[in-house]
file query-v6.tsv (TSV, C-alpha atoms)
chain	number	residue	atom	x	y	z
R	110	MET	CA	-32.14	-9.46	61.70
R	111	LEU	CA	-31.06	-7.07	64.45
R	112	ILE	CA	-27.98	-6.11	62.46
R	113	PHE	CA	-30.20	-5.53	59.45
R	114	LEU	CA	-32.58	-3.34	61.45
R	115	SER	CA	-29.67	-1.34	62.84
R	116	PHE	CA	-28.87	-0.23	59.31
R	117	CYS	CA	-32.48	0.78	58.72
R	118	PRO	CA	-33.42	3.13	61.53
R	119	LYS	CA	-36.19	4.92	59.69
R	120	ALA	CA	-39.47	3.30	58.86
R	121	ALA	CA	-42.71	4.58	57.45
R	122	TRP	CA	-45.97	3.35	56.12
R	123	ALA	CA	-46.43	2.88	52.45
R	124	GLN	CA	-48.75	4.93	50.28
R	125	GLU	CA	-50.16	2.05	48.26
R	126	PRO	CA	-53.85	1.14	48.04
R	127	PRO	CA	-54.71	-1.77	50.38
R	128	TYR	CA	-55.12	-4.49	47.75
R	129	GLN	CA	-54.05	-8.05	48.47
R	130	VAL	CA	-54.28	-9.39	44.91
R	131	THR	CA	-54.73	-6.43	42.57
R	132	TYR	CA	-51.77	-4.23	41.66
R	133	SER	CA	-52.10	-0.49	41.30
R	134	ASP	CA	-49.59	1.76	39.55
R	135	SER	CA	-47.90	2.54	42.89
R	136	LEU	CA	-44.27	1.53	42.86
R	137	GLU	CA	-41.88	1.38	45.79
R	138	GLU	CA	-40.04	4.64	46.34
R	139	PRO	CA	-36.44	4.36	45.09
R	140	GLY	CA	-34.13	3.01	47.79
R	141	ASN	CA	-36.97	1.83	50.04
R	142	LEU	CA	-37.43	-1.81	51.02
R	143	GLU	CA	-40.82	-3.12	52.03
R	144	VAL	CA	-40.89	-6.41	53.91
R	145	ALA	CA	-44.28	-8.08	54.06
R	146	LEU	CA	-45.77	-11.33	55.26
R	147	LYS	CA	-48.85	-12.39	53.35
R	148	ASN	CA	-51.01	-15.15	54.76
R	149	ALA	CA	-53.96	-16.95	53.26
R	150	ALA	CA	-56.10	-19.42	55.20
R	151	GLY	CA	-58.87	-21.62	53.90
R	152	SER	CA	-60.71	-24.86	54.38
R	153	PRO	CA	-61.54	-26.69	51.16
R	154	GLU	CA	-64.73	-28.74	51.31
R	155	ASN	CA	-63.03	-32.07	50.55
R	156	GLY	CA	-59.58	-31.23	51.87
R	157	ASN	CA	-57.71	-30.14	54.98
R	158	ARG	CA	-57.47	-26.65	56.41
R	159	PHE	CA	-54.37	-24.79	55.24
R	160	LEU	CA	-52.40	-21.67	56.04
R	161	SER	CA	-49.99	-20.32	53.48
R	162	GLY	CA	-47.26	-17.79	54.21
R	163	THR	CA	-45.43	-15.64	51.70
R	164	LEU	CA	-42.45	-13.49	52.60
R	165	GLU	CA	-42.29	-10.54	50.24
R	166	LEU	CA	-39.24	-8.32	49.76
R	167	GLU	CA	-40.07	-5.31	47.59
R	168	TYR	CA	-37.35	-2.86	46.60
R	169	GLY	CA	-37.56	0.41	44.71
R	170	ALA	CA	-34.68	0.09	42.26
R	171	LYS	CA	-35.63	3.25	40.37
R	172	ALA	CA	-38.55	5.64	40.48
R	173	TRP	CA	-39.91	3.74	37.44
R	174	TRP	CA	-38.83	0.20	38.40
R	175	THR	CA	-39.71	-1.96	41.39
R	176	THR	CA	-38.32	-5.45	41.90
R	177	GLU	CA	-39.68	-8.03	44.30
R	178	LEU	CA	-38.77	-11.47	45.63
R	179	TYR	CA	-41.29	-13.88	47.15
R	180	LEU	CA	-40.50	-16.94	49.27
R	181	GLN	CA	-43.49	-19.17	49.84
R	182	GLY	CA	-44.59	-22.03	52.04
R	183	GLN	CA	-47.69	-23.52	53.56
R	184	THR	CA	-48.90	-25.78	56.32
R	185	THR	CA	-51.85	-28.12	55.92
R	186	ALA	CA	-53.71	-29.72	58.82
R	187	ASN	CA	-53.22	-33.52	59.07
R	188	ASP	CA	-50.52	-33.24	56.41
R	189	SER	CA	-47.24	-31.29	56.49
R	190	THR	CA	-45.49	-27.92	56.41
R	191	ILE	CA	-43.47	-27.31	53.27
R	192	PHE	CA	-41.63	-24.72	51.21
R	193	THR	CA	-43.45	-24.29	47.94
R	194	GLY	CA	-41.18	-22.07	45.87
R	195	PHE	CA	-40.14	-18.57	44.93
R	196	ARG	CA	-41.10	-15.80	42.55
R	197	TRP	CA	-39.17	-12.85	41.20
R	198	GLU	CA	-41.22	-10.02	39.80
R	199	ASN	CA	-40.43	-6.70	38.19
R	200	ARG	CA	-42.76	-3.80	37.55
R	201	PHE	CA	-42.01	-1.00	35.12
R	202	ARG	CA	-43.75	2.28	34.54
R	203	PRO	CA	-43.46	3.03	30.80
R	204	LEU	CA	-44.86	6.59	30.95
R	205	LEU	CA	-42.94	9.21	32.89
R	206	THR	CA	-45.92	11.43	33.74
R	207	GLN	CA	-49.36	10.76	35.21
R	208	HIS	CA	-52.42	10.33	33.03
R	209	PHE	CA	-56.06	9.50	33.66
R	210	ILE	CA	-55.17	5.82	33.15
R	211	ASN	CA	-51.64	4.87	34.16
R	212	PRO	CA	-50.12	1.66	32.83
R	213	VAL	CA	-47.51	-0.49	34.56
R	214	LEU	CA	-45.91	-3.54	32.95
R	215	TYR	CA	-45.31	-6.57	35.14
R	216	VAL	CA	-43.06	-9.56	34.44
R	217	GLU	CA	-42.57	-12.41	36.87
R	218	TYR	CA	-40.63	-15.66	36.89
R	219	GLU	CA	-42.14	-18.35	39.08
R	220	ASP	CA	-40.62	-21.59	40.37
R	221	VAL	CA	-43.49	-22.92	42.42
R	222	ASN	CA	-44.79	-26.41	43.06
R	223	PHE	CA	-48.43	-27.45	42.95
R	224	ALA	CA	-48.69	-27.46	46.75
R	225	ASP	CA	-48.67	-23.65	46.66
R	226	ARG	CA	-51.71	-22.29	48.50
R	227	SER	CA	-50.89	-18.58	48.38
R	228	LEU	CA	-53.34	-17.82	45.57
R	229	LEU	CA	-51.47	-14.59	44.86
R	230	GLU	CA	-53.38	-14.57	41.61
R	231	ILE	CA	-55.83	-16.89	39.88
R	232	THR	CA	-55.22	-17.95	36.31
R	233	GLY	CA	-56.49	-20.60	33.93
R	234	HIS	CA	-58.90	-23.25	35.23
R	235	HIS	CA	-57.69	-23.22	38.82
R	236	SER	CA	-60.16	-25.11	40.97
R	237	VAL	CA	-60.82	-25.64	44.65
R	238	SER	CA	-60.17	-29.35	44.09
R	239	ASP	CA	-56.49	-28.46	43.43
R	240	LEU	CA	-56.28	-27.42	47.07
R	241	ALA	CA	-57.28	-30.90	48.29
R	242	ILE	CA	-54.28	-32.73	46.78
R	243	PRO	CA	-51.96	-34.05	49.55
R	244	ASN	CA	-48.70	-32.13	49.89
R	245	ALA	CA	-46.48	-35.12	49.10
R	246	ALA	CA	-48.09	-35.53	45.71
R	247	ALA	CA	-48.52	-31.86	44.93
R	248	ARG	CA	-44.96	-30.80	45.75
R	249	ALA	CA	-43.54	-33.34	43.32
R	250	GLU	CA	-44.83	-31.31	40.41
R	251	VAL	CA	-42.97	-28.04	39.93
R	252	GLU	CA	-44.02	-25.43	37.43
R	253	ARG	CA	-41.59	-22.86	36.14
R	254	SER	CA	-43.53	-20.18	34.43
R	255	LEU	CA	-43.46	-16.66	33.12
R	256	GLU	CA	-46.28	-14.38	34.10
R	257	GLU	CA	-47.10	-11.02	32.58
R	258	LYS	CA	-49.60	-8.45	33.74
R	259	LEU	CA	-50.89	-5.27	32.26
R	260	ILE	CA	-51.71	-3.04	35.21
R	261	LEU	CA	-53.96	-0.05	34.65
R	262	SER	CA	-54.70	2.38	37.43
R	263	THR	CA	-56.66	5.59	37.89
R	264	GLU	CA	-56.67	8.08	40.77
R	265	PHE	CA	-59.85	10.14	40.96
R	266	ARG	CA	-60.82	12.32	43.92
R	267	GLY	CA	-59.15	10.04	46.43
R	268	TRP	CA	-60.45	6.84	44.85
R	269	ASN	CA	-58.15	4.33	43.21
R	270	PHE	CA	-59.44	2.11	40.42
R	271	SER	CA	-57.10	-0.64	39.23
R	272	GLU	CA	-57.43	-3.33	36.59
R	273	ASN	CA	-54.99	-6.19	36.02
R	274	PHE	CA	-54.98	-8.46	32.97
R	275	ILE	CA	-52.87	-11.56	33.52
R	276	SER	CA	-51.30	-14.11	31.20
R	277	GLU	CA	-49.13	-17.01	32.29
R	278	LYS	CA	-47.12	-19.61	30.37
R	279	ALA	CA	-45.44	-22.66	31.82
R	280	LEU	CA	-41.86	-22.92	30.60
R	281	ASN	CA	-41.24	-26.55	31.55
R	282	GLU	CA	-44.54	-28.06	30.42
R	283	SER	CA	-46.47	-27.96	27.19
R	284	GLU	CA	-49.48	-26.24	28.67
R	285	PRO	CA	-51.51	-23.51	26.98
R	286	TRP	CA	-51.33	-19.86	27.92
R	287	GLU	CA	-53.51	-19.21	30.96
R	288	PHE	CA	-55.37	-16.00	31.68
R	289	GLY	CA	-56.80	-14.19	34.67
R	290	TYR	CA	-57.88	-10.79	35.92
R	291	ALA	CA	-58.12	-8.70	39.07
R	292	LEU	CA	-60.10	-5.51	39.63
R	293	GLY	CA	-59.82	-3.26	42.66
R	294	VAL	CA	-61.33	-0.09	44.04
R	295	SER	CA	-60.21	1.61	47.24
R	296	ARG	CA	-60.13	4.89	49.11
R	297	PRO	CA	-58.55	6.21	52.31
R	298	LEU	CA	-61.25	6.97	54.88
R	299	ALA	CA	-59.91	10.54	55.17
R	300	LEU	CA	-58.20	12.48	52.40
R	301	ALA	CA	-56.51	15.12	54.54
R	302	ALA	CA	-54.25	14.48	57.51
R	303	GLY	CA	-54.96	15.87	60.95
R	304	PRO	CA	-52.54	18.21	62.73
R	305	ARG	CA	-51.81	15.75	65.54
R	306	PRO	CA	-50.43	12.20	65.40
R	307	CYS	CA	-52.97	9.45	65.83
R	308	ILE	CA	-53.27	5.72	65.27
R	309	LEU	CA	-56.91	4.65	65.07
R	310	CYS	CA	-58.09	7.61	63.05
R	311	ARG	CA	-59.63	7.77	59.60
R	312	GLU	CA	-56.54	9.06	57.82
R	313	ASN	CA	-54.70	5.82	58.68
R	314	LEU	CA	-57.50	3.57	57.48
R	315	ALA	CA	-58.30	2.56	53.92
R	316	ALA	CA	-61.08	0.38	52.62
R	317	GLY	CA	-61.87	-1.19	49.30
R	318	ALA	CA	-62.91	-4.28	47.41
R	319	GLU	CA	-61.38	-6.68	44.93
R	320	LEU	CA	-62.87	-8.98	42.31
R	321	TYR	CA	-60.54	-11.52	40.75
R	322	GLY	CA	-60.43	-14.91	39.10
R	323	GLY	CA	-59.39	-17.05	36.18
R	324	LEU	CA	-60.26	-16.49	32.56
R	325	GLY	CA	-59.42	-19.94	31.23
R	326	ASP	CA	-56.70	-20.58	28.69
R	327	THR	CA	-56.07	-20.62	24.97
R	328	ASN	CA	-58.05	-23.88	24.71
R	329	GLY	CA	-61.08	-22.37	26.41
R	330	PHE	CA	-61.22	-18.68	27.21
R	331	GLY	CA	-63.85	-17.39	29.63
R	332	TRP	CA	-65.31	-17.96	33.07
R	333	HIS	CA	-66.27	-21.61	32.54
R	334	ALA	CA	-64.57	-23.91	35.09
R	335	THR	CA	-62.66	-21.12	36.81
R	336	SER	CA	-62.57	-19.85	40.38
R	337	GLN	CA	-63.80	-16.36	41.18
R	338	TYR	CA	-63.59	-14.30	44.36
R	339	LEU	CA	-65.01	-11.07	45.72
R	340	ALA	CA	-63.22	-9.53	48.70
R	341	PRO	CA	-63.85	-6.46	50.85
R	342	ILE	CA	-60.59	-5.10	52.31
R	343	ILE	CA	-59.66	-2.95	55.27
R	344	SER	CA	-56.17	-1.74	56.15
R	345	LEU	CA	-54.61	0.21	58.98
R	346	SER	CA	-51.30	2.02	58.52
R	347	ILE	CA	-49.75	2.66	61.91
R	348	PRO	CA	-47.55	5.77	61.82
R	349	LYS	CA	-43.86	4.80	62.10
R	350	GLY	CA	-45.04	1.22	62.23
R	351	PRO	CA	-46.46	-1.56	60.12
R	352	THR	CA	-49.45	-1.64	57.82
R	353	VAL	CA	-51.96	-4.37	58.57
R	354	THR	CA	-54.45	-5.53	55.95
R	355	PHE	CA	-57.30	-8.01	56.27
R	356	SER	CA	-59.78	-9.31	53.76
R	357	PRO	CA	-62.26	-12.19	53.67
R	358	ASN	CA	-62.43	-13.47	50.08
R	359	PHE	CA	-65.79	-14.97	49.20
R	360	GLY	CA	-65.91	-17.64	46.52
R	361	LEU	CA	-68.48	-16.84	43.84
R	362	ASN	CA	-68.94	-20.29	42.34
R	363	ALA	CA	-68.59	-23.98	43.11
R	364	ASN	CA	-65.00	-23.98	41.78
R	365	SER	CA	-63.92	-21.55	44.52
R	366	LEU	CA	-63.29	-21.86	48.24
R	367	GLY	CA	-66.26	-20.80	50.37
R	368	VAL	CA	-64.16	-18.19	52.15
R	369	LEU	CA	-60.44	-17.52	51.91
R	370	TYR	CA	-59.06	-15.25	54.63
R	371	ARG	CA	-56.12	-13.06	53.73
R	372	PHE	CA	-53.97	-11.23	56.25
R	373	LYS	CA	-50.94	-9.11	55.44
R	374	ILE	CA	-48.50	-7.21	57.60
R	375	SER	CA	-45.90	-5.01	55.94
R	376	TYR	CA	-43.17	-2.67	57.07
R	377	GLU	CA	-41.25	-0.21	54.94
R	378	PHE	CA	-37.59	0.54	55.54
R	379	GLN	CA	-36.76	3.93	54.11
R	380	GLN	CA	-33.50	4.23	52.17
R	381	ALA	CA	-32.77	0.72	53.37
R	382	PHE	CA	-29.20	0.44	52.16
R	383	HIS	CA	-28.23	4.10	52.48
R	384	HIS	CA	-25.93	3.44	55.42
R	385	TRP	CA	-24.28	0.37	53.99
R	386	PRO	CA	-20.60	0.95	53.28
R	387	TRP	CA	-20.77	-0.07	49.63
R	388	ARG	CA	-23.47	2.55	49.00
R	389	SER	CA	-21.20	5.43	49.91
R	390	GLN	CA	-18.32	4.38	47.72
W	154	MET	CA	-16.47	9.09	39.60
W	155	ILE	CA	-16.95	12.16	41.78
W	156	ALA	CA	-17.20	14.33	38.67
W	157	VAL	CA	-19.87	12.03	37.23
W	158	MET	CA	-21.83	12.15	40.49
W	159	ALA	CA	-21.57	15.94	40.54
W	160	VAL	CA	-23.00	16.16	37.02
W	161	VAL	CA	-25.86	13.79	37.90
W	162	ILE	CA	-26.74	15.68	41.09
W	163	SER	CA	-26.48	18.99	39.29
W	164	ALA	CA	-28.81	17.73	36.58
W	165	ALA	CA	-31.25	16.40	39.15
W	166	ALA	CA	-31.43	19.73	40.90
W	167	ASP	CA	-31.46	21.99	37.88
W	168	GLY	CA	-35.19	22.63	38.05
W	169	SER	CA	-35.72	21.63	34.41
W	170	TRP	CA	-39.02	20.05	35.43
W	171	LEU	CA	-40.41	23.56	35.95
W	172	LYS	CA	-40.44	24.07	32.18
W	173	ARG	CA	-42.76	21.11	31.73
W	174	VAL	CA	-45.52	22.37	34.03
W	175	PRO	CA	-48.63	23.34	32.00
W	176	ALA	CA	-49.95	26.86	32.58
W	177	ARG	CA	-53.25	25.65	34.08
W	178	ASP	CA	-51.35	23.57	36.65
W	179	ARG	CA	-48.96	26.40	37.41
W	180	ALA	CA	-51.90	28.63	38.31
W	181	LYS	CA	-53.53	26.24	40.78
W	182	VAL	CA	-54.07	27.67	44.24
W	183	ASN	CA	-53.32	25.78	47.44
W	184	PRO	CA	-56.59	25.63	49.42
W	185	TYR	CA	-54.58	25.16	52.63
W	186	ALA	CA	-51.97	27.89	52.14
W	187	GLY	CA	-51.01	29.53	55.42
W	188	GLN	CA	-53.42	27.48	57.56
W	189	ALA	CA	-51.79	26.45	60.84
W	190	ASP	CA	-53.52	23.05	61.12
W	191	ALA	CA	-52.70	22.19	57.51
W	192	ILE	CA	-49.05	23.19	58.02
W	193	ALA	CA	-48.86	20.95	61.10
W	194	ALA	CA	-50.47	18.07	59.20
W	195	GLY	CA	-48.16	18.72	56.26
W	196	GLY	CA	-45.20	18.55	58.61
W	197	ARG	CA	-46.25	15.08	59.73
W	198	LEU	CA	-46.74	13.96	56.13
W	199	PHE	CA	-43.39	15.46	55.17
W	200	ALA	CA	-41.66	13.55	57.97
W	201	ASP	CA	-43.27	10.32	56.82
W	202	HIS	CA	-42.80	10.60	53.06
W	203	CYS	CA	-40.27	13.28	52.14
W	204	ALA	CA	-37.70	13.58	54.93
W	205	GLN	CA	-36.15	10.23	54.00
W	206	CYS	CA	-34.60	11.89	50.95
W	207	HIS	CA	-34.78	15.65	51.51
W	208	GLY	CA	-33.84	15.56	55.19
W	209	SER	CA	-35.86	16.41	58.27
W	210	GLY	CA	-35.03	20.09	57.77
W	211	ALA	CA	-35.70	19.89	54.01
W	212	PHE	CA	-32.13	21.00	53.30
W	213	GLY	CA	-31.50	18.00	51.05
W	214	ASN	CA	-28.30	16.01	51.06
W	215	ASP	CA	-25.56	14.90	48.71
W	216	LYS	CA	-28.06	13.16	46.40
W	217	HIS	CA	-31.32	15.05	46.84
W	218	PRO	CA	-32.02	18.77	46.38
W	219	SER	CA	-32.90	21.20	49.15
W	220	LEU	CA	-36.55	22.21	49.29
W	221	ARG	CA	-35.55	25.48	50.95
W	222	SER	CA	-33.69	26.74	47.93
W	223	GLU	CA	-34.83	29.96	46.26
W	224	ARG	CA	-35.97	27.95	43.24
W	225	VAL	CA	-38.34	25.71	45.18
W	226	GLN	CA	-39.54	28.41	47.55
W	227	GLN	CA	-40.29	30.75	44.64
W	228	ALA	CA	-42.07	28.08	42.60
W	229	THR	CA	-45.84	28.42	42.65
W	230	ASP	CA	-47.84	26.00	44.75
W	231	GLY	CA	-49.32	24.69	41.52
W	232	GLU	CA	-45.88	23.91	40.11
W	233	ILE	CA	-44.90	21.93	43.19
W	234	PHE	CA	-48.27	20.18	43.14
W	235	TRP	CA	-47.60	19.15	39.53
W	236	LEU	CA	-44.20	17.76	40.57
W	237	LEU	CA	-45.72	15.74	43.42
W	238	LYS	CA	-48.38	14.36	41.08
W	239	ASN	CA	-46.01	13.41	38.25
W	240	GLY	CA	-42.66	13.02	39.95
W	241	ASN	CA	-39.46	13.33	37.95
W	242	LEU	CA	-38.97	9.63	37.36
W	243	SER	CA	-35.87	9.80	35.21
W	244	ARG	CA	-34.16	11.85	37.93
W	245	GLY	CA	-35.20	9.65	40.88
W	246	MET	CA	-38.17	11.66	42.20
W	247	PRO	CA	-41.17	9.30	42.53
W	248	ASN	CA	-44.68	10.48	41.90
W	249	TRP	CA	-47.00	10.83	44.88
W	250	SER	CA	-50.30	10.57	43.07
W	251	ALA	CA	-51.41	7.80	45.43
W	252	LEU	CA	-51.40	10.35	48.23
W	253	PRO	CA	-54.77	12.16	48.23
W	254	GLU	CA	-54.69	15.64	46.70
W	255	GLN	CA	-55.55	17.22	50.04
W	256	SER	CA	-52.52	15.60	51.65
W	257	ARG	CA	-50.25	16.81	48.87
W	258	TRP	CA	-51.51	20.39	49.31
W	259	GLN	CA	-50.82	20.07	53.05
W	260	ILE	CA	-47.23	19.04	52.33
W	261	ILE	CA	-46.82	22.07	50.06
W	262	ALA	CA	-48.24	24.35	52.75
W	263	TYR	CA	-45.63	22.98	55.14
W	264	VAL	CA	-42.70	23.26	52.72
W	265	LYS	CA	-43.62	26.84	51.85
W	266	SER	CA	-43.92	27.69	55.55
W	267	LEU	CA	-40.23	26.83	55.97
W	268	GLY	CA	-39.12	29.68	53.77
W	269	PRO	CA	-35.85	29.96	51.86
W	270	SER	CA	-32.77	29.26	53.91
W	271	GLU	CA	-29.31	27.84	53.59
W	272	PRO	CA	-28.27	25.28	56.18
W	273	GLN	CA	-25.74	26.35	58.79
W	274	SER	CA	-22.51	24.45	58.39
W	275	ASN	CA	-23.07	22.60	61.68
W	276	SER	CA	-26.71	21.82	61.03
W	277	ASN	CA	-25.85	20.82	57.49
W	278	SER	CA	-23.42	18.19	58.65
W	279	GLN	CA	-25.90	17.01	61.27
W	280	GLU	CA	-28.51	16.84	58.51
W	281	LYS	CA	-26.29	14.66	56.38
W	282	GLU	CA	-25.46	12.45	59.31
W	283	SER	CA	-29.15	11.97	60.03
W	284	GLN	CA	-29.86	10.76	56.47
call {"tool": "encode", "arguments": {"input": "query-v6.tsv", "output": "structure tokens"}}
result
Amino acid sequence: MLIFLSFCPKAAWAQEPPYQVTYSDSLEEPGNLEVALKNAAGSPENGNRFLSGTLELEYGAKAWWTTELYLQGQTTANDSTIFTGFRWENRFRPLLTQHFINPVLYVEYEDVNFADRSLLEITGHHSVSDLAIPNAAARAEVERSLEEKLILSTEFRGWNFSENFISEKALNESEPWEFGYALGVSRPLALAAGPRPCILCRENLAAGAELYGGLGDTNGFGWHATSQYLAPIISLSIPKGPTVTFSPNFGLNANSLGVLYRFKISYEFQQAFHHWPWRSQ
Amino acid sequence: MIAVMAVVISAAADGSWLKRVPARDRAKVNPYAGQADAIAAGGRLFADHCAQCHGSGAFGNDKHPSLRSERVQQATDGEIFWLLKNGNLSRGMPNWSALPEQSRWQIIAYVKSLGPSEPQSNSNSQEKESQ
């Protein structure tokens, strides 16, 4: 890790909205690597408390293409700590200039077992009862799936409005297409920077809210028997340091957790591989 | 390989994006132009978001154009604002529309405050080393 950091002397905070689930049209700047740890903690009514951890490596391959690898695990009280799988996602910007609504296309391959507690998105008829299955039983079932998202995003007077429409298809099981959505709105607390460096000042803070959940599947589209969450968000981007994001996610129906707490810390390495020997050849 | 790189860099820095700027964007006025506080704030934003590619002195490097060239310094604030909003994605310049408009104008105020200049040979090599 120290060797890695020695090649990446410059760090900065990212410019993305503070969402934990919703994607905006912001892509990683080309050559930059963002390393993030996403945590989600909850306590299902008929299950054990859990804490999931997701390591996220996001790289700007091109100005119009961002690729990302996730490694996931979780620990459950009175049960075990396990690795739950990986995801590889790619986001593409099809239009080369900005418009009032800006689309981004998202494609992800997932190899994740049923013990996953990250809830990076909600699709299909996901239920809180899924979170009460013991790890030994849940990890035995692995789903390899392809997930697509249509991401739409608007910037208006400092506000960001983002809408995600999600579809997911299991590749190794004969399950129907599953659907979900995520909506987000956010704004930095100050739109202009101050002349002097600061940490706990409005320009480094952003706030917002997310609404997300499942939309059933091809056998039953809609909100029936799905989980739904509403989450206020706050983030602090420390200059030359990490960005910290926190959001309590409130379940909106009996199929959802009462509260799911999300915490994310991310750090962006600028021109991460610029100094590597193979880059200069 | 070097010849190919030279062509790519030359194309990236040819300023062809200027032809795509609509007239109404070209005429936009920077509300922060010449303001000392805005220039200082723009300098901080530049260091955080732009210096990684264009260098701390904005002289560019072997892959990214100088922002102190005559072409950039003579571009209108509105033209540069359009570039920050839209980027030049096919040439590697990301868009910065997620940065609030006010912040983007502050960056432009800072870049314009630098004025046109060619790097000294010593400072140029230091610049490249610092990338």
call {"tool": "closest_atom_pairs", "arguments": {"input": "query-v6.tsv", "of": "chain W", "to": "chain R", "cutoff": "6 Å", "atoms": "all atoms listed in the file", "output": "CSV"}}
result
residue,atom,partner,partner_atom,distance
W:Asp190,CA,R:Pro304,CA,5.2
W:Ala193,CA,R:Pro304,CA,4.9
W:Ala194,CA,R:Pro304,CA,4.1
W:Asp201,CA,R:Ala121,CA,5.8
W:Asn239,CA,R:Thr206,CA,4.9
W:Leu242,CA,R:Ala172,CA,5.1
W:Gly245,CA,R:Ala172,CA,5.2
W:Pro247,CA,R:Ala172,CA,4.9
W:Pro253,CA,R:Gly267,CA,5.2
W:Gln255,CA,R:Ala301,CA,5.1
W:Ser256,CA,R:Ala301,CA,5.0
call {"tool": "axis_aligned_box", "arguments": {"input": "query-v6.tsv", "around": "segment 162-180 of chain R", "padding_each_side": "6 Å", "output": "AutoDock Vina command-line options"}}
result
--center_x -41.0 --center_y -6.1 --center_z 45.8 --size_x 24.6 --size_y 35.4 --size_z 28.8
call {"tool": "residues_around", "arguments": {"input": "query-v6.tsv", "residues": "Trp170 of chain W", "least_positions_apart": "2", "cutoff": "8 Å", "atoms": "only C-alpha atoms", "output": "compact mmCIF listing (two decimals) with C-alpha atoms, keeping the file's coordinate frame"}}
result
# COMPACT_ATOMS: atom_id res chain seq x y z
CA GLY W 168 -35.19 22.63 38.05
CA LYS W 172 -40.44 24.07 32.18
CA ARG W 173 -42.76 21.11 31.73
CA VAL W 174 -45.52 22.37 34.03
CA LEU W 236 -44.20 17.76 40.57
CA ASN W 241 -39.46 13.33 37.95
call {"tool": "residues_around", "arguments": {"input": "query-v6.tsv", "residues": "Arg224 of chain W", "least_positions_apart": "4", "cutoff": "9 Å", "atoms": "only C-alpha atoms", "output": "list in words"}}
result
Gly168, Leu220, Ala228 and Pro269 of chain W
call {"tool": "atom_distance", "arguments": {"input": "query-v6.tsv", "atom1": "atom CA of Gly322 of chain R", "atom2": "atom CA of Phe223 of chain R"}}
result
17.8 Å
call {"tool": "atom_distance", "arguments": {"input": "query-v6.tsv", "atom1": "atom CA of Leu228 of chain R", "atom2": "atom CA of Leu345 of chain R"}}
result
22.5 Å
call {"tool": "closest_residue", "arguments": {"input": "query-v6.tsv", "among": "R:Pro285, R:Gly367, R:Gly331, R:Gly162", "to": "Phe195 of chain R", "atoms": "only C-alpha atoms"}}
result
R:Gly162
call {"tool": "atom_distance", "arguments": {"input": "query-v6.tsv", "atom1": "atom CA of Ala186 of chain R", "atom2": "atom CA of Leu339 of chain R"}}
result
25.4 Å
call {"tool": "residues_around", "arguments": {"input": "query-v6.tsv", "residues": "Leu261 of chain R", "least_positions_apart": "6", "cutoff": "6 Å", "atoms": "all atoms listed in the file", "output": "MDAnalysis selection string"}}
result
chainID R and resid 211:212 271:272
call {"tool": "closest_residue", "arguments": {"input": "query-v6.tsv", "among": "R:Leu298, R:Ala247, R:Ile191, R:Leu142", "to": "Ser375 of chain R", "atoms": "only C-alpha atoms"}}
result
R:Leu142
call {"tool": "closest_residue", "arguments": {"input": "query-v6.tsv", "among": "W:Val225, W:Ala211, W:Ile261, W:Ala251", "to": "Ala191 of chain W", "atoms": "all atoms listed in the file"}}
result
W:Ile261
call {"tool": "closest_residue", "arguments": {"input": "query-v6.tsv", "among": "R:Val237, R:Ala291, R:Ala318, R:Ala249", "to": "Asn362 of chain R", "atoms": "only C-alpha atoms"}}
result
R:Val237
call {"tool": "residues_around", "arguments": {"input": "query-v6.tsv", "residues": "Phe372 of chain R", "least_positions_apart": "4", "cutoff": "9 Å", "atoms": "all atoms listed in the file", "output": "list of chain:residue names"}}
result
R:Gln129, R:Leu146, R:Lys147, R:Asn148, R:Ala149, R:Ala150, R:Val353, R:Thr354, R:Phe355, R:Ser356, R:Pro357
call {"tool": "residues_around", "arguments": {"input": "query-v6.tsv", "residues": "segment 273-281 of chain R", "least_positions_apart": "4", "cutoff": "12 Å", "atoms": "all atoms listed in the file", "output": "JSON, numbers by chain"}}
result
{"R": [128, 130, 131, 132, 133, 134, 211, 212, 213, 214, 215, 216, 217, 218, 219, 220, 221, 222, 229, 230, 231, 232, 233, 234, 250, 251, 252, 253, 254, 255, 256, 257, 258, 259, 260, 261, 262, 285, 286, 287, 288, 289, 290, 291, 292, 293, 294, 319, 320, 321, 322, 323, 324, 325, 326, 327, 330]}
call {"tool": "closest_residue", "arguments": {"input": "query-v6.tsv", "among": "W:Gly187, W:His202, W:Val182, W:His207", "to": "Arg221 of chain W", "atoms": "only C-alpha atoms"}}
result
W:His207
